[in-house]
>>> print(open('coords_36.cif').read())   # mmCIF, C-alpha atoms, pLDDT in the B column; chains and numbers go by the auth columns
data_data
#
loop_
_atom_site.group_PDB
_atom_site.id
_atom_site.type_symbol
_atom_site.label_atom_id
_atom_site.label_comp_id
_atom_site.label_asym_id
_atom_site.label_seq_id
_atom_site.Cartn_x
_atom_site.Cartn_y
_atom_site.Cartn_z
_atom_site.B_iso_or_equiv
_atom_site.auth_seq_id
_atom_site.auth_asym_id
ATOM 1 C CA MET A 1 -9.482 -16.360 3.856 93.00 3 A
ATOM 2 C CA VAL A 2 -11.403 -13.169 4.367 94.00 4 A
ATOM 3 C CA PRO A 3 -10.289 -9.512 4.380 92.00 5 A
ATOM 4 C CA THR A 4 -11.894 -8.515 7.719 95.00 6 A
ATOM 5 C CA ILE A 5 -12.575 -9.803 11.205 96.00 7 A
ATOM 6 C CA VAL A 6 -16.298 -9.199 10.654 97.00 8 A
ATOM 7 C CA LEU A 7 -16.323 -11.557 7.653 96.00 9 A
ATOM 8 C CA MET A 8 -14.341 -14.134 9.636 97.00 10 A
ATOM 9 C CA GLY A 9 -17.119 -14.094 12.227 96.00 11 A
ATOM 10 C CA GLN A 10 -19.812 -14.395 9.567 96.00 12 A
ATOM 11 C CA TRP A 11 -18.086 -17.366 7.919 95.00 13 A
ATOM 12 C CA HIS A 12 -17.557 -19.032 11.305 96.00 14 A
ATOM 13 C CA ASP A 13 -21.205 -18.574 12.288 95.00 15 A
ATOM 14 C CA ALA A 14 -22.484 -19.837 8.919 95.00 16 A
ATOM 15 C CA LEU A 15 -20.246 -22.923 8.913 95.00 17 A
ATOM 16 C CA SER A 16 -21.076 -23.694 12.540 94.00 18 A
ATOM 17 C CA ARG A 17 -24.838 -23.357 12.042 94.00 19 A
ATOM 18 C CA HIS A 18 -25.279 -24.802 8.561 95.00 20 A
ATOM 19 C CA GLY A 19 -22.285 -27.081 8.061 93.00 21 A
ATOM 20 C CA ASN A 20 -21.874 -30.699 9.035 94.00 22 A
ATOM 21 C CA LEU A 21 -18.623 -30.294 10.994 93.00 23 A
ATOM 22 C CA PRO A 22 -18.398 -30.167 14.788 92.00 24 A
ATOM 23 C CA SER A 23 -17.525 -26.717 16.143 88.00 25 A
ATOM 24 C CA ASP A 24 -14.043 -27.787 17.249 91.00 26 A
ATOM 25 C CA ALA A 25 -13.234 -28.686 13.627 95.00 27 A
ATOM 26 C CA ILE A 26 -13.537 -25.005 12.624 97.00 28 A
ATOM 27 C CA GLY A 27 -10.708 -22.719 13.718 96.00 29 A
ATOM 28 C CA ARG A 28 -9.883 -19.044 13.280 97.00 30 A
ATOM 29 C CA MET A 29 -6.686 -17.095 12.738 96.00 31 A
ATOM 30 C CA GLY A 30 -6.570 -13.324 13.160 95.00 32 A
ATOM 31 C CA GLY A 31 -8.496 -10.847 15.289 94.00 33 A
ATOM 32 C CA GLY A 32 -7.040 -12.355 18.468 95.00 34 A
ATOM 33 C CA PHE A 33 -7.535 -15.970 17.382 96.00 35 A
ATOM 34 C CA ARG A 34 -4.418 -18.100 16.870 94.00 36 A
ATOM 35 C CA ASP A 35 -5.778 -21.487 15.860 95.00 37 A
ATOM 36 C CA ASP A 36 -3.895 -23.788 13.519 92.00 38 A
ATOM 37 C CA PHE A 37 -4.483 -27.103 11.813 92.00 39 A
ATOM 38 C CA SER A 38 -4.639 -30.132 14.067 88.00 40 A
ATOM 39 C CA LYS A 39 -5.894 -33.690 13.863 84.00 41 A
ATOM 40 C CA ASP A 40 -9.459 -32.553 14.572 90.00 42 A
ATOM 41 C CA ARG A 41 -9.406 -29.084 13.005 93.00 43 A
ATOM 42 C CA ARG A 42 -10.393 -29.377 9.343 91.00 44 A
ATOM 43 C CA VAL A 43 -11.204 -25.732 8.517 95.00 45 A
ATOM 44 C CA LEU A 44 -9.231 -22.608 9.353 96.00 46 A
ATOM 45 C CA ILE A 45 -10.885 -19.261 8.654 97.00 47 A
ATOM 46 C CA CYS A 46 -8.161 -16.632 8.382 96.00 48 A
ATOM 47 C CA VAL A 47 -8.070 -12.861 8.111 95.00 49 A
ATOM 48 C CA LEU A 48 -5.976 -12.000 5.067 91.00 50 A
ATOM 49 C CA THR A 49 -3.300 -10.008 6.931 89.00 51 A
ATOM 50 C CA SER A 50 -2.682 -12.882 9.357 92.00 52 A
ATOM 51 C CA ALA A 51 -2.820 -15.478 6.595 91.00 53 A
ATOM 52 C CA SER A 52 -0.250 -13.629 4.489 87.00 54 A
ATOM 53 C CA LYS A 53 2.173 -13.846 7.435 89.00 55 A
ATOM 54 C CA LEU A 54 1.379 -17.223 8.996 92.00 56 A
ATOM 55 C CA LEU A 55 -0.618 -19.573 6.781 92.00 57 A
ATOM 56 C CA ALA A 56 2.294 -20.959 4.731 91.00 58 A
ATOM 57 C CA GLU A 57 4.152 -21.911 7.912 92.00 59 A
ATOM 58 C CA LYS A 58 1.084 -23.461 9.564 92.00 60 A
ATOM 59 C CA THR A 59 0.263 -25.431 6.422 94.00 61 A
ATOM 60 C CA ALA A 60 3.820 -26.738 6.121 93.00 62 A
ATOM 61 C CA LYS A 61 3.964 -27.642 9.827 93.00 63 A
ATOM 62 C CA ALA A 62 0.720 -29.617 9.547 94.00 64 A
ATOM 63 C CA GLY A 63 1.867 -31.289 6.308 93.00 65 A
ATOM 64 C CA ILE A 64 -1.456 -30.674 4.577 94.00 66 A
ATOM 65 C CA GLY A 65 -0.437 -28.680 1.497 94.00 67 A
ATOM 66 C CA ASN A 66 -1.183 -31.533 -0.900 95.00 68 A
ATOM 67 C CA ASN A 67 -4.796 -31.579 0.311 94.00 69 A
ATOM 68 C CA LEU A 68 -5.430 -27.903 1.094 95.00 70 A
ATOM 69 C CA PHE A 69 -8.366 -26.172 -0.577 95.00 71 A
ATOM 70 C CA LEU A 70 -7.694 -22.427 -0.331 93.00 72 A
ATOM 71 C CA ILE A 71 -10.844 -20.304 -0.597 92.00 73 A
ATOM 72 C CA VAL A 72 -10.364 -16.546 -0.739 90.00 74 A
ATOM 73 C CA ASP A 73 -13.503 -14.491 -0.106 91.00 75 A
ATOM 74 C CA GLU A 74 -13.416 -10.973 -1.555 88.00 76 A
ATOM 75 C CA CYS A 75 -10.354 -12.113 -3.524 83.00 77 A
ATOM 76 C CA HIS A 76 -9.905 -8.709 -5.157 79.00 78 A
ATOM 77 C CA HIS A 77 -8.352 -7.632 -1.817 74.00 79 A
ATOM 78 C CA ALA A 78 -5.607 -10.255 -2.146 74.00 80 A
ATOM 79 C CA GLY A 79 -3.926 -8.576 -5.119 70.00 81 A
ATOM 80 C CA ALA A 80 -1.866 -6.073 -3.106 66.00 82 A
ATOM 81 C CA ASN A 81 1.855 -6.862 -2.966 66.00 83 A
ATOM 82 C CA LYS A 82 1.993 -7.782 0.720 63.00 84 A
ATOM 83 C CA MET A 83 -1.348 -9.616 0.727 65.00 85 A
ATOM 84 C CA SER A 84 -0.519 -11.632 -2.385 71.00 86 A
ATOM 85 C CA GLU A 85 2.148 -13.460 -0.356 74.00 87 A
ATOM 86 C CA VAL A 86 -0.668 -15.730 0.784 80.00 88 A
ATOM 87 C CA PHE A 87 -0.588 -17.366 -2.637 80.00 89 A
ATOM 88 C CA SER A 88 2.806 -18.876 -1.793 83.00 90 A
ATOM 89 C CA VAL A 89 0.928 -21.362 0.411 89.00 91 A
ATOM 90 C CA GLN A 90 1.235 -24.914 -0.864 92.00 92 A
ATOM 91 C CA ARG A 91 -2.219 -26.066 -1.865 93.00 93 A
ATOM 92 C CA ALA A 92 -4.034 -28.557 -4.047 95.00 94 A
ATOM 93 C CA TYR A 93 -6.927 -26.284 -5.047 94.00 95 A
ATOM 94 C CA SER A 94 -7.855 -22.585 -5.041 89.00 96 A
ATOM 95 C CA LEU A 95 -11.143 -20.721 -5.329 90.00 97 A
ATOM 96 C CA GLY A 96 -11.569 -16.946 -5.400 85.00 98 A
ATOM 97 C CA LEU A 97 -14.914 -15.364 -4.534 88.00 99 A
ATOM 98 C CA SER A 98 -15.821 -11.755 -5.351 85.00 100 A
ATOM 99 C CA GLY A 99 -18.950 -9.727 -5.824 81.00 101 A
ATOM 100 C CA THR A 100 -16.856 -6.846 -7.152 72.00 102 A
ATOM 101 C CA PRO A 101 -16.469 -6.893 -10.946 64.00 103 A
ATOM 102 C CA ASP A 102 -13.145 -6.142 -12.610 61.00 104 A
ATOM 103 C CA ASP A 103 -12.865 -2.735 -14.271 57.00 105 A
ATOM 104 C CA ASP A 104 -12.929 -4.552 -17.625 54.00 106 A
ATOM 105 C CA THR A 105 -16.379 -5.951 -16.918 48.00 107 A
ATOM 106 C CA ILE A 106 -18.011 -2.641 -15.932 46.00 108 A
ATOM 107 C CA ILE A 107 -20.123 -1.236 -18.736 47.00 109 A
ATOM 108 C CA GLY A 108 -20.469 2.522 -18.507 45.00 110 A
#
>>> encode(input="coords_36.cif", output="structure tokens")
Amino acid sequence: MVPTIVLMGQWHDALSRHGNLPSDAIGRMGGGFRDDFSKDRRVLICVLTSASKLLAEKTAKAGIGNNLFLIVDECHHAGANKMSEVFSVQRAYSLGLSGTPDDDTIIG
């Protein structure tokens, strides 16, 4: 998951160019894209607002929760009440990425 459409595009481009998956294995949700998990689609890059509304349902429908690896880029954006609903998604693993330090780690 990513907080913006721009980051969704960057992730998609990077995975398509540098990854070892065929392009049809990488889907997008948000910003006009409505992909979901299918037999061939192994990765779904989601904008956080769309994911908070739709990802739990799409994961349940595909029956992949026991194998899902949820990666949240810029995870400090996912703490808001509405956005944190994304963490109700059934998953096997989670990873949060952030280049923004917590207030506790800032030395002034």
>>> resolve_selection(input="coords_36.cif", expression="the PyMOL selection byres ((chain A and resi 87-96) around 7)", output="CSV table (one decimal) with C-alpha atoms, keeping the file's coordinate frame")
chain,number,residue,atom,x,y,z
A,53,ALA,CA,-2.8,-15.5,6.6
A,54,SER,CA,-0.2,-13.6,4.5
A,57,LEU,CA,-0.6,-19.6,6.8
A,58,ALA,CA,2.3,-21.0,4.7
A,67,GLY,CA,-0.4,-28.7,1.5
A,68,ASN,CA,-1.2,-31.5,-0.9
A,69,ASN,CA,-4.8,-31.6,0.3
A,70,LEU,CA,-5.4,-27.9,1.1
A,71,PHE,CA,-8.4,-26.2,-0.6
A,72,LEU,CA,-7.7,-22.4,-0.3
A,73,ILE,CA,-10.8,-20.3,-0.6
A,84,LYS,CA,2.0,-7.8,0.7
A,85,MET,CA,-1.3,-9.6,0.7
A,86,SER,CA,-0.5,-11.6,-2.4
A,97,LEU,CA,-11.1,-20.7,-5.3
A,98,GLY,CA,-11.6,-16.9,-5.4
>>> closest_residue(input="coords_36.cif", among="A:Gly101, A:Gly29, A:Gly65, A:Gly81", to="Asp15 of chain A", atoms="all atoms listed in the file")
A:Gly29
>>> residues_around(input="coords_36.cif", residues="Trp13 of chain A", least_positions_apart="5", cutoff="12 Å", atoms="only C-alpha atoms", output="list of chain:residue names")
A:Met3, A:Val4, A:Pro5, A:Thr6, A:Ile7, A:Val8, A:Ser18, A:Arg19, A:His20, A:Gly21, A:Ile28, A:Gly29, A:Arg30, A:Val45, A:Leu46, A:Ile47, A:Cys48, A:Val49, A:Ile73, A:Val74, A:Asp75
>>> atom_distance(input="coords_36.cif", atom1="atom CA of Ala64 of chain A", atom2="atom CA of Asp42 of chain A")
11.7 Å
>>> axis_aligned_box(input="coords_36.cif", around="segment 45-61 of chain A", padding_each_side="5 Å", output="lines of an AutoDock Vina configuration file")
center_x = -3.5
center_y = -17.9
center_z = 7.0
size_x = 25.4
size_y = 25.7
size_z = 15.1
>>> atom_distance(input="coords_36.cif", atom1="atom CA of Glu76 of chain A", atom2="atom CA of Lys63 of chain A")
26.6 Å
>>> closest_residue(input="coords_36.cif", among="A:Leu9, A:Ser52, A:Ala16, A:His78", to="Asp38 of chain A", atoms="only C-alpha atoms")
A:Ser52
>>> atom_distance(input="coords_36.cif", atom1="atom CA of Leu17 of chain A", atom2="atom CA of Phe39 of chain A")
16.6 Å
>>> closest_residue(input="coords_36.cif", among="A:Gly11, A:Ala80, A:Gly32, A:Asp37", to="Thr61 of chain A", atoms="only C-alpha atoms")
A:Asp37
>>> closest_residue(input="coords_36.cif", among="A:Ser40, A:Cys77, A:Ile66, A:Leu99", to="Asp26 of chain A", atoms="all atoms listed in the file")
A:Ser40
>>> closest_residue(input="coords_36.cif", among="A:Thr102, A:Met10, A:Arg36, A:Arg43", to="Leu23 of chain A", atoms="only C-alpha atoms")
A:Arg43
>>> closest_residue(input="coords_36.cif", among="A:Ser100, A:Ala27, A:Asn22, A:Gly33", to="Leu50 of chain A", atoms="all atoms listed in the file")
A:Gly33
>>> build_atoms(input="coords_36.cif", residues="segment 23-34 of chain A", atoms="all heavy atoms", output="PDB file, keeping the file's coordinate frame")
ATOM      1  N   LEU A  23     -19.816 -30.060  10.187  1.00 93.00           N
ATOM      2  CA  LEU A  23     -18.623 -30.294  10.994  1.00 93.00           C
ATOM      3  C   LEU A  23     -18.885 -29.899  12.440  1.00 93.00           C
ATOM      4  O   LEU A  23     -19.604 -28.935  12.705  1.00 93.00           O
ATOM      5  CB  LEU A  23     -17.447 -29.461  10.473  1.00 93.00           C
ATOM      6  CG  LEU A  23     -16.904 -29.812   9.096  1.00 93.00           C
ATOM      7  CD1 LEU A  23     -15.881 -28.774   8.649  1.00 93.00           C
ATOM      8  CD2 LEU A  23     -16.272 -31.193   9.125  1.00 93.00           C
ATOM      9  N   PRO A  24     -18.285 -30.600  13.394  1.00 92.00           N
ATOM     10  CA  PRO A  24     -18.398 -30.167  14.788  1.00 92.00           C
ATOM     11  C   PRO A  24     -17.664 -28.831  14.975  1.00 92.00           C
ATOM     12  O   PRO A  24     -16.739 -28.513  14.236  1.00 92.00           O
ATOM     13  CB  PRO A  24     -17.727 -31.291  15.574  1.00 92.00           C
ATOM     14  CG  PRO A  24     -16.918 -32.052  14.589  1.00 92.00           C
ATOM     15  CD  PRO A  24     -17.501 -31.818  13.238  1.00 92.00           C
ATOM     16  N   SER A  25     -18.085 -28.057  15.959  1.00 88.00           N
ATOM     17  CA  SER A  25     -17.525 -26.717  16.143  1.00 88.00           C
ATOM     18  C   SER A  25     -16.023 -26.721  16.383  1.00 88.00           C
ATOM     19  O   SER A  25     -15.329 -25.788  15.966  1.00 88.00           O
ATOM     20  CB  SER A  25     -18.236 -25.984  17.275  1.00 88.00           C
ATOM     21  OG  SER A  25     -18.091 -26.688  18.489  1.00 88.00           O
ATOM     22  N   ASP A  26     -15.487 -27.757  17.011  1.00 91.00           N
ATOM     23  CA  ASP A  26     -14.043 -27.787  17.249  1.00 91.00           C
ATOM     24  C   ASP A  26     -13.245 -28.104  15.981  1.00 91.00           C
ATOM     25  O   ASP A  26     -12.024 -28.013  15.978  1.00 91.00           O
ATOM     26  CB  ASP A  26     -13.685 -28.764  18.371  1.00 91.00           C
ATOM     27  CG  ASP A  26     -14.100 -30.196  18.100  1.00 91.00           C
ATOM     28  OD1 ASP A  26     -14.930 -30.420  17.194  1.00 91.00           O
ATOM     29  OD2 ASP A  26     -13.598 -31.089  18.805  1.00 91.00           O
ATOM     30  N   ALA A  27     -13.913 -28.443  14.904  1.00 95.00           N
ATOM     31  CA  ALA A  27     -13.234 -28.686  13.627  1.00 95.00           C
ATOM     32  C   ALA A  27     -13.027 -27.401  12.843  1.00 95.00           C
ATOM     33  O   ALA A  27     -12.334 -27.389  11.829  1.00 95.00           O
ATOM     34  CB  ALA A  27     -14.026 -29.673  12.783  1.00 95.00           C
ATOM     35  N   ILE A  28     -13.611 -26.286  13.322  1.00 97.00           N
ATOM     36  CA  ILE A  28     -13.537 -25.005  12.624  1.00 97.00           C
ATOM     37  C   ILE A  28     -12.738 -24.031  13.482  1.00 97.00           C
ATOM     38  O   ILE A  28     -13.163 -23.654  14.577  1.00 97.00           O
ATOM     39  CB  ILE A  28     -14.950 -24.437  12.362  1.00 97.00           C
ATOM     40  CG1 ILE A  28     -15.800 -25.451  11.606  1.00 97.00           C
ATOM     41  CG2 ILE A  28     -14.856 -23.122  11.602  1.00 97.00           C
ATOM     42  CD1 ILE A  28     -17.269 -25.111  11.556  1.00 97.00           C
ATOM     43  N   GLY A  29     -11.569 -23.640  12.983  1.00 96.00           N
ATOM     44  CA  GLY A  29     -10.708 -22.719  13.718  1.00 96.00           C
ATOM     45  C   GLY A  29     -10.669 -21.349  13.075  1.00 96.00           C
ATOM     46  O   GLY A  29     -11.177 -21.140  11.971  1.00 96.00           O
ATOM     47  N   ARG A  30     -10.029 -20.409  13.774  1.00 97.00           N
ATOM     48  CA  ARG A  30      -9.883 -19.044  13.280  1.00 97.00           C
ATOM     49  C   ARG A  30      -8.463 -18.556  13.527  1.00 97.00           C
ATOM     50  O   ARG A  30      -7.827 -18.932  14.514  1.00 97.00           O
ATOM     51  CB  ARG A  30     -10.877 -18.118  13.979  1.00 97.00           C
ATOM     52  CG  ARG A  30     -12.307 -18.375  13.566  1.00 97.00           C
ATOM     53  CD  ARG A  30     -13.267 -17.535  14.358  1.00 97.00           C
ATOM     54  NE  ARG A  30     -13.564 -18.242  15.603  1.00 97.00           N
ATOM     55  CZ  ARG A  30     -14.496 -17.879  16.469  1.00 97.00           C
ATOM     56  NH1 ARG A  30     -15.213 -16.811  16.258  1.00 97.00           N
ATOM     57  NH2 ARG A  30     -14.712 -18.578  17.554  1.00 97.00           N
ATOM     58  N   MET A  31      -8.006 -17.704  12.602  1.00 96.00           N
ATOM     59  CA  MET A  31      -6.686 -17.095  12.738  1.00 96.00           C
ATOM     60  C   MET A  31      -6.817 -15.618  12.374  1.00 96.00           C
ATOM     61  O   MET A  31      -7.240 -15.281  11.279  1.00 96.00           O
ATOM     62  CB  MET A  31      -5.665 -17.777  11.815  1.00 96.00           C
ATOM     63  CG  MET A  31      -4.269 -17.204  11.965  1.00 96.00           C
ATOM     64  SD  MET A  31      -2.994 -18.121  11.058  1.00 96.00           S
ATOM     65  CE  MET A  31      -3.603 -18.075   9.394  1.00 96.00           C
ATOM     66  N   GLY A  32      -6.453 -14.768  13.333  1.00 95.00           N
ATOM     67  CA  GLY A  32      -6.570 -13.324  13.160  1.00 95.00           C
ATOM     68  C   GLY A  32      -7.598 -12.774  14.121  1.00 95.00           C
ATOM     69  O   GLY A  32      -8.413 -13.519  14.680  1.00 95.00           O
ATOM     70  N   GLY A  33      -7.539 -11.463  14.375  1.00 94.00           N
ATOM     71  CA  GLY A  33      -8.496 -10.847  15.289  1.00 94.00           C
ATOM     72  C   GLY A  33      -8.414 -11.397  16.701  1.00 94.00           C
ATOM     73  O   GLY A  33      -9.413 -11.484  17.388  1.00 94.00           O
ATOM     74  N   GLY A  34      -7.221 -11.794  17.135  1.00 95.00           N
ATOM     75  CA  GLY A  34      -7.040 -12.355  18.468  1.00 95.00           C
ATOM     76  C   GLY A  34      -7.080 -13.875  18.519  1.00 95.00           C
ATOM     77  O   GLY A  34      -6.715 -14.468  19.523  1.00 95.00           O
TER      78      GLY A  34
END
